[in-house]
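As stored in query03.txt (compact mmCIF, C-alpha atoms and all ligand atoms):
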# COMPACT_ATOMS: atom_id res chain seq x y z
CA MET A 11 -4.26 6.37 18.42
CA VAL A 12 -2.04 6.56 15.32
CA LYS A 13 -3.96 5.31 12.29
CA VAL A 14 -2.15 3.46 9.50
CA GLY A 15 -4.09 2.74 6.31
CA ILE A 16 -3.07 -0.43 4.47
CA ILE A 17 -3.64 -0.41 0.72
CA SER A 18 -3.32 -3.63 -1.26
CA GLY A 19 -2.43 -3.24 -4.92
CA SER A 20 -4.29 -6.48 -5.63
CA LEU A 21 -8.08 -6.67 -5.55
CA ARG A 22 -8.47 -10.43 -5.50
CA LYS A 23 -9.99 -12.16 -2.49
CA GLU A 24 -7.13 -14.59 -1.94
CA SER A 25 -4.47 -11.94 -2.58
CA LEU A 26 -1.04 -12.69 -1.16
CA SER A 27 -0.51 -8.92 -0.77
CA LYS A 28 -3.59 -8.80 1.48
CA LYS A 29 -2.33 -11.81 3.45
CA ILE A 30 1.02 -10.10 4.02
CA GLY A 31 -0.93 -7.01 5.12
CA GLU A 32 -2.99 -9.02 7.61
CA ASN A 33 0.22 -10.34 9.16
CA VAL A 34 2.06 -7.03 9.16
CA ALA A 35 -0.93 -5.23 10.73
CA GLN A 36 -0.21 -7.29 13.87
CA TYR A 37 3.39 -6.06 14.08
CA PHE A 38 2.51 -2.45 14.95
CA PRO A 39 2.99 -1.48 18.61
CA GLU A 40 0.34 -0.42 21.09
CA GLY A 41 -1.16 2.94 20.25
CA TYR A 42 -1.23 2.09 16.53
CA GLU A 43 -4.24 0.92 14.56
CA ALA A 44 -3.68 -0.58 11.10
CA GLU A 45 -6.70 -1.04 8.85
CA PHE A 46 -7.25 -1.87 5.17
CA ILE A 47 -8.56 0.79 2.81
CA ASP A 48 -10.52 -0.62 -0.14
CA ILE A 49 -9.62 0.70 -3.61
CA GLY A 50 -11.62 -1.81 -5.65
CA ASN A 51 -14.79 0.28 -5.87
CA LEU A 52 -13.20 3.43 -7.31
CA PRO A 53 -14.38 4.30 -10.84
CA MET A 54 -11.53 4.93 -13.30
CA TYR A 55 -10.31 8.46 -12.80
CA ASN A 56 -11.96 10.91 -15.19
CA GLU A 57 -12.00 14.67 -14.77
CA ASP A 58 -15.36 14.82 -16.56
CA ILE A 59 -17.02 13.21 -13.53
CA ASP A 60 -14.78 14.86 -10.92
CA ASN A 61 -15.04 18.64 -10.91
CA GLU A 62 -16.20 21.66 -8.86
CA THR A 63 -19.86 20.69 -9.20
CA SER A 64 -19.73 16.97 -8.47
CA SER A 65 -17.59 13.92 -7.74
CA PRO A 66 -18.46 10.23 -7.48
CA ALA A 67 -19.44 9.30 -3.92
CA GLU A 68 -16.67 6.65 -3.96
CA TYR A 69 -14.04 9.33 -4.62
CA THR A 70 -15.32 11.53 -1.80
CA ALA A 71 -15.45 8.65 0.68
CA PHE A 72 -11.96 7.43 -0.29
CA ARG A 73 -10.46 10.91 0.06
CA SER A 74 -12.07 11.38 3.43
CA THR A 75 -10.79 7.98 4.64
CA LEU A 76 -7.26 8.89 3.50
CA LYS A 77 -7.43 12.24 5.27
CA GLY A 78 -8.25 10.41 8.51
CA MET A 79 -5.04 8.36 8.29
CA ASP A 80 -1.70 9.31 9.83
CA ALA A 81 0.33 7.08 7.49
CA ILE A 82 -0.11 4.69 4.58
CA LEU A 83 1.38 1.23 4.02
CA PHE A 84 1.24 -0.03 0.43
CA ILE A 85 1.55 -3.75 -0.27
CA THR A 86 1.53 -4.61 -3.92
CA PRO A 87 2.22 -7.22 -6.55
CA GLU A 88 3.85 -6.30 -9.85
CA TYR A 89 1.79 -6.28 -13.05
CA ASN A 90 3.86 -6.10 -16.24
CA ARG A 91 6.86 -4.61 -14.45
CA SER A 92 4.80 -1.86 -12.80
CA MET A 93 2.08 -1.39 -10.21
CA PRO A 94 -1.43 -2.75 -10.91
CA GLY A 95 -3.76 -0.30 -12.68
CA ALA A 96 -6.19 -0.32 -9.72
CA LEU A 97 -3.45 1.01 -7.46
CA LYS A 98 -2.40 3.74 -9.91
CA ASN A 99 -6.07 4.71 -10.22
CA ALA A 100 -6.34 5.03 -6.42
CA ILE A 101 -3.20 7.19 -6.38
CA ASP A 102 -4.75 9.45 -9.03
CA VAL A 103 -8.15 9.68 -7.29
CA GLY A 104 -6.52 10.57 -3.95
CA SER A 105 -4.34 13.23 -5.58
CA ARG A 106 -7.26 15.41 -6.65
CA PRO A 107 -8.85 18.01 -6.49
CA TYR A 108 -5.78 19.89 -7.63
CA GLY A 109 -4.03 21.42 -4.63
CA GLN A 110 -6.01 19.31 -2.14
CA SER A 111 -4.27 15.95 -2.39
CA SER A 112 -5.34 13.54 0.34
CA TRP A 113 -1.86 11.97 0.26
CA GLU A 114 -0.05 15.22 1.11
CA GLY A 115 2.67 14.80 3.73
CA LYS A 116 1.62 11.36 4.94
CA PRO A 117 4.50 9.03 5.81
CA ALA A 118 4.40 5.92 3.60
CA ALA A 119 6.06 2.55 3.22
CA ILE A 120 6.02 0.03 0.39
CA ILE A 121 6.16 -3.75 0.42
CA SER A 122 6.23 -5.42 -2.98
CA GLN A 123 5.85 -9.15 -3.51
CA SER A 124 5.81 -11.74 -6.24
CA MET A 125 5.27 -15.46 -6.51
CA GLY A 126 8.60 -15.74 -8.30
CA ASN A 127 12.06 -14.46 -7.46
CA LEU A 128 11.79 -10.89 -8.77
CA SER A 129 9.84 -9.55 -5.77
CA GLY A 130 8.00 -6.77 -7.58
CA PHE A 131 10.97 -4.41 -7.91
CA GLY A 132 9.39 -2.59 -10.86
CA ALA A 133 6.08 -2.04 -9.04
CA ASN A 134 7.89 -0.93 -5.90
CA HIS A 135 9.89 1.74 -7.70
CA HIS A 136 7.14 3.01 -10.00
CA LEU A 137 4.95 3.46 -6.92
CA ARG A 138 7.86 5.14 -5.11
CA GLN A 139 8.18 7.64 -7.96
CA CYS A 140 4.50 8.65 -7.57
CA LEU A 141 4.83 9.03 -3.79
CA VAL A 142 7.87 11.31 -4.18
CA PHE A 143 5.81 13.61 -6.41
CA LEU A 144 2.90 13.46 -3.91
CA ASN A 145 5.23 14.72 -1.16
CA MET A 146 4.92 11.61 0.99
CA PRO A 147 7.98 10.90 3.16
CA ILE A 148 8.75 7.28 2.22
CA LEU A 149 10.56 4.71 4.29
CA GLN A 150 13.85 4.22 2.45
CA GLN A 151 15.52 1.47 4.52
CA PRO A 152 14.89 -1.31 4.89
CA GLU A 153 13.37 -1.89 1.45
CA ALA A 154 10.86 -4.74 1.38
CA TYR A 155 10.86 -7.05 -1.63
CA ILE A 156 9.17 -10.34 -0.79
CA ALA A 157 9.92 -13.23 -3.16
CA ASN A 158 8.17 -16.59 -3.52
CA SER A 159 5.11 -15.23 -1.73
CA GLY A 160 3.04 -18.28 -2.67
CA SER A 161 4.90 -20.41 -0.13
CA LEU A 162 5.03 -17.81 2.64
CA PHE A 163 2.04 -18.86 4.75
CA ASP A 164 0.95 -21.73 6.97
CA ASP A 165 -2.59 -23.14 6.88
CA ASN A 166 -3.82 -20.35 9.17
CA GLY A 167 -2.48 -17.61 6.90
CA LYS A 168 0.44 -16.80 9.20
CA ILE A 169 3.91 -16.16 7.75
CA LYS A 170 5.78 -19.30 8.68
CA ASP A 171 9.41 -18.38 8.00
CA GLN A 172 10.76 -16.74 11.17
CA GLY A 173 13.46 -14.89 9.20
CA THR A 174 10.73 -13.17 7.14
CA VAL A 175 8.70 -12.41 10.29
CA GLN A 176 11.76 -10.79 11.88
CA PHE A 177 12.56 -8.85 8.73
CA LEU A 178 8.99 -7.51 8.47
CA GLN A 179 8.92 -6.69 12.19
CA GLY A 180 12.10 -4.63 11.68
CA PHE A 181 10.50 -2.99 8.64
CA VAL A 182 7.44 -1.99 10.72
CA ASN A 183 9.66 -0.70 13.53
CA ALA A 184 11.53 1.52 11.07
CA PHE A 185 8.21 2.71 9.61
CA VAL A 186 6.94 3.55 13.11
CA ASP A 187 10.10 5.64 13.68
CA LEU A 188 9.42 7.50 10.44
CA ILE A 189 5.76 8.07 11.37
CA ASN A 190 6.77 9.37 14.80
CA ARG A 191 9.18 11.81 13.21
CA TYR A 192 6.38 13.38 11.17
CA ASN A 193 3.36 13.03 13.45
CA ARG A 194 4.62 14.10 16.81
C1 LIG A 201 1.38 -10.63 -12.97
N1 LIG A 201 2.44 -11.16 -12.23
C2 LIG A 201 3.71 -10.63 -12.37
N2 LIG A 201 4.74 -11.00 -11.53
C3 LIG A 201 5.95 -10.42 -11.62
O1 LIG A 201 6.85 -10.74 -10.83
N3 LIG A 201 6.20 -9.48 -12.59
C4 LIG A 201 5.25 -9.07 -13.47
O2 LIG A 201 5.50 -8.19 -14.28
C5 LIG A 201 3.96 -9.67 -13.39
N4 LIG A 201 2.96 -9.30 -14.23
C6 LIG A 201 1.66 -9.70 -13.99
C7 LIG A 201 0.62 -9.15 -14.74
C8 LIG A 201 -0.69 -9.49 -14.46
C9 LIG A 201 -1.80 -8.85 -15.23
C10 LIG A 201 -0.97 -10.42 -13.42
C11 LIG A 201 -2.40 -10.78 -13.10
C12 LIG A 201 0.04 -10.99 -12.71
C13 LIG A 201 2.21 -12.12 -11.18
C14 LIG A 201 1.73 -11.47 -9.90
O3 LIG A 201 2.52 -10.36 -9.55
C15 LIG A 201 1.74 -12.48 -8.74
O4 LIG A 201 0.88 -13.50 -9.07
C16 LIG A 201 1.35 -11.84 -7.43
O5 LIG A 201 1.79 -12.64 -6.37
C17 LIG A 201 -0.13 -11.63 -7.30
O6 LIG A 201 -0.39 -10.85 -6.15
P1 LIG A 201 -1.69 -11.06 -5.28
O7 LIG A 201 -2.87 -10.88 -6.20
O8 LIG A 201 -1.64 -12.45 -4.75
O9 LIG A 201 -1.61 -10.03 -4.21

Can you dump the structure from the file as structure tokens?
Amino acid sequence: MVKVGIISGSLRKESLSKKIGENVAQYFPEGYEAEFIDIGNLPMYNEDIDNETSSPAEYTAFRSTLKGMDAILFITPEYNRSMPGALKNAIDVGSRPYGQSSWEGKPAAIISQSMGNLSGFGANHHLRQCLVFLNMPILQQPEAYIANSGSLFDDNGKIKDQGTVQFLQGFVNAFVDLINRYNR
């Protein structure tokens, strides 16, 4: 089974990023398992509490969960033209201890979304910059910028526009190709 971790940049319960993730998780083929990884419980990164002698239990658990994943899918809103602080914190926590990054070499893909027309371009590309440094092969095409995310879903939380469903299915197919290139 190929394991794909889904990380939402938004922590809120009714997050549209999470709803997109719940839909997209269903688009992976047989032999793939997509599951959410929680980042909301991670204390703000601080080297004083993360060193050779001890680390917060939340950091250790998060790193071990990441290490068990074959690939990571990020779905994020934009906060002030960048990624939310909680997501950047998770990136930082996973990147340490120095030389033992839990992100190392894992294929990744990014979906950004916004309730307006801008689609989280700034968040998407700031996140992309971090993943390049972390040596994660990132899906380049298609890029996924989802606009007007507030009107994306029907009453059951399913994406109702068939064009968007098809686009995201194609996005997942391309991501699966990338994962296969690195994992097999
Ligand atoms: C936002 N929002 C936002 N939207 C955007 O397109 N560009 C931006 O720079 C910002 N900045 C911003 C800052 C903060 C602190 C908040 C709380 C919100 C709006 C936000 O991206 C939008 O509501 C998302 O759809 C929320 O995502 P979730 O929580 O539904 O996943």

Cut-off 8 Å, only C-alpha atoms and all ligand atoms, neighbours of ligand LIG 201 (chain A) as number ranges by chain: A: 18-22, 24-29, 86-92, 94, 123-130, 132, 159-160

Distance in Å - atom CA of Asp80 of chain A versus atom CA of Pro152 of chain A: 20.3 Å

For Gln179 of chain A: contacts at 9 Å, only C-alpha atoms, fewer than 3 positions along chain excluded, given as a PyMOL selection string: chain A and resi 34+37-38+174-176+182-184

Close residues, segment 104-114 of chain A itself excluded, 6 Å, all atoms listed in the file, min 2 positions apart in chain, as a PyMOL selection string: chain A and resi 73+76-77+101-102+116+145

Coordinates-based distance that separates atom CA of Ile189 of chain A from atom CA of Leu141 of chain A (Å, one decimal):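 About the pair atom CA of Leu141 of chain A and atom CA of Ile189 of chain A: they are 15.2 Å apart.
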
Report as lines of an AutoDock Vina configuration file the centre and the edge lengths, in Å to one decimal, of the axis-aligned box holding every listed atom of segment 83-101 of chain A, padded by 8 Å on each side.
center_x = 0.3
center_y = 0.0
center_z = -6.1
size_x = 29.2
size_y = 30.4
size_z = 36.3

Computed interatomic separation between atom CA of Glu153 of chain A and atom CA of Lys23 of chain A (Å):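 A separation of 25.8 Å between them.
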
Nearest-residue call for Gly173 of chain A, choices A:Leu188, A:Ile120, A:Ile156, A:Ala96, using all atoms listed in the file: A:Ile156

Selection near segment 54-71 of chain A, 7 Å with only C-alpha atoms, sequence-local residues under 2 positions removed, as a VMD selection string: chain A and resid 51 to 52 73 to 75 99 102 to 103

Convert the current residue selection to file output with C-alpha atoms, as a PDB file, keeping the file's coordinate frame.
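Result file is again_19.pdb:
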ATOM      1  CA  ASN A  51     -14.790   0.280  -5.870  1.00  0.00           C
ATOM      2  CA  LEU A  52     -13.200   3.430  -7.310  1.00  0.00           C
ATOM      3  CA  ARG A  73     -10.460  10.910   0.060  1.00  0.00           C
ATOM      4  CA  SER A  74     -12.070  11.380   3.430  1.00  0.00           C
ATOM      5  CA  THR A  75     -10.790   7.980   4.640  1.00  0.00           C
ATOM      6  CA  ASN A  99      -6.070   4.710 -10.220  1.00  0.00           C
ATOM      7  CA  ASP A 102      -4.750   9.450  -9.030  1.00  0.00           C
ATOM      8  CA  VAL A 103      -8.150   9.680  -7.290  1.00  0.00           C
TER       9      VAL A 103
END

Who sits within 12 Å of Arg191 of chain A, only C-alpha atoms, same chain under 4 positions skipped, as a PyMOL selection string: chain A and resi 80-81+115-117+147-149+184-187

Who sits within 10 Å of Asp171 of chain A, all atoms listed in the file, same chain under 5 positions skipped, as a ChimeraX atom specification: /A:161-164,176

Pick from A:Asn158, A:Asn166, A:Asn134, A:Gln151, whichever lies nearest to Leu178 of chain A using all atoms listed in the file: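 Nearest candidate to Leu178 of chain A out of A:Asn158, A:Asn166, A:Asn134, A:Gln151: A:Gln151.
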
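When all atoms listed in the file are used to measure the gap to Ile82 of chain A, the shortest distance among A:Asn190, A:His136, A:Ile16, A:Ser122 belongs to A:Ile16.
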
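Minimum atom-to-atom distance to Phe46 of chain A, evaluated using only C-alpha atoms, belongs to A:Ile85 out of A:Ile85, A:Ala157, A:Val12, A:Ala100.
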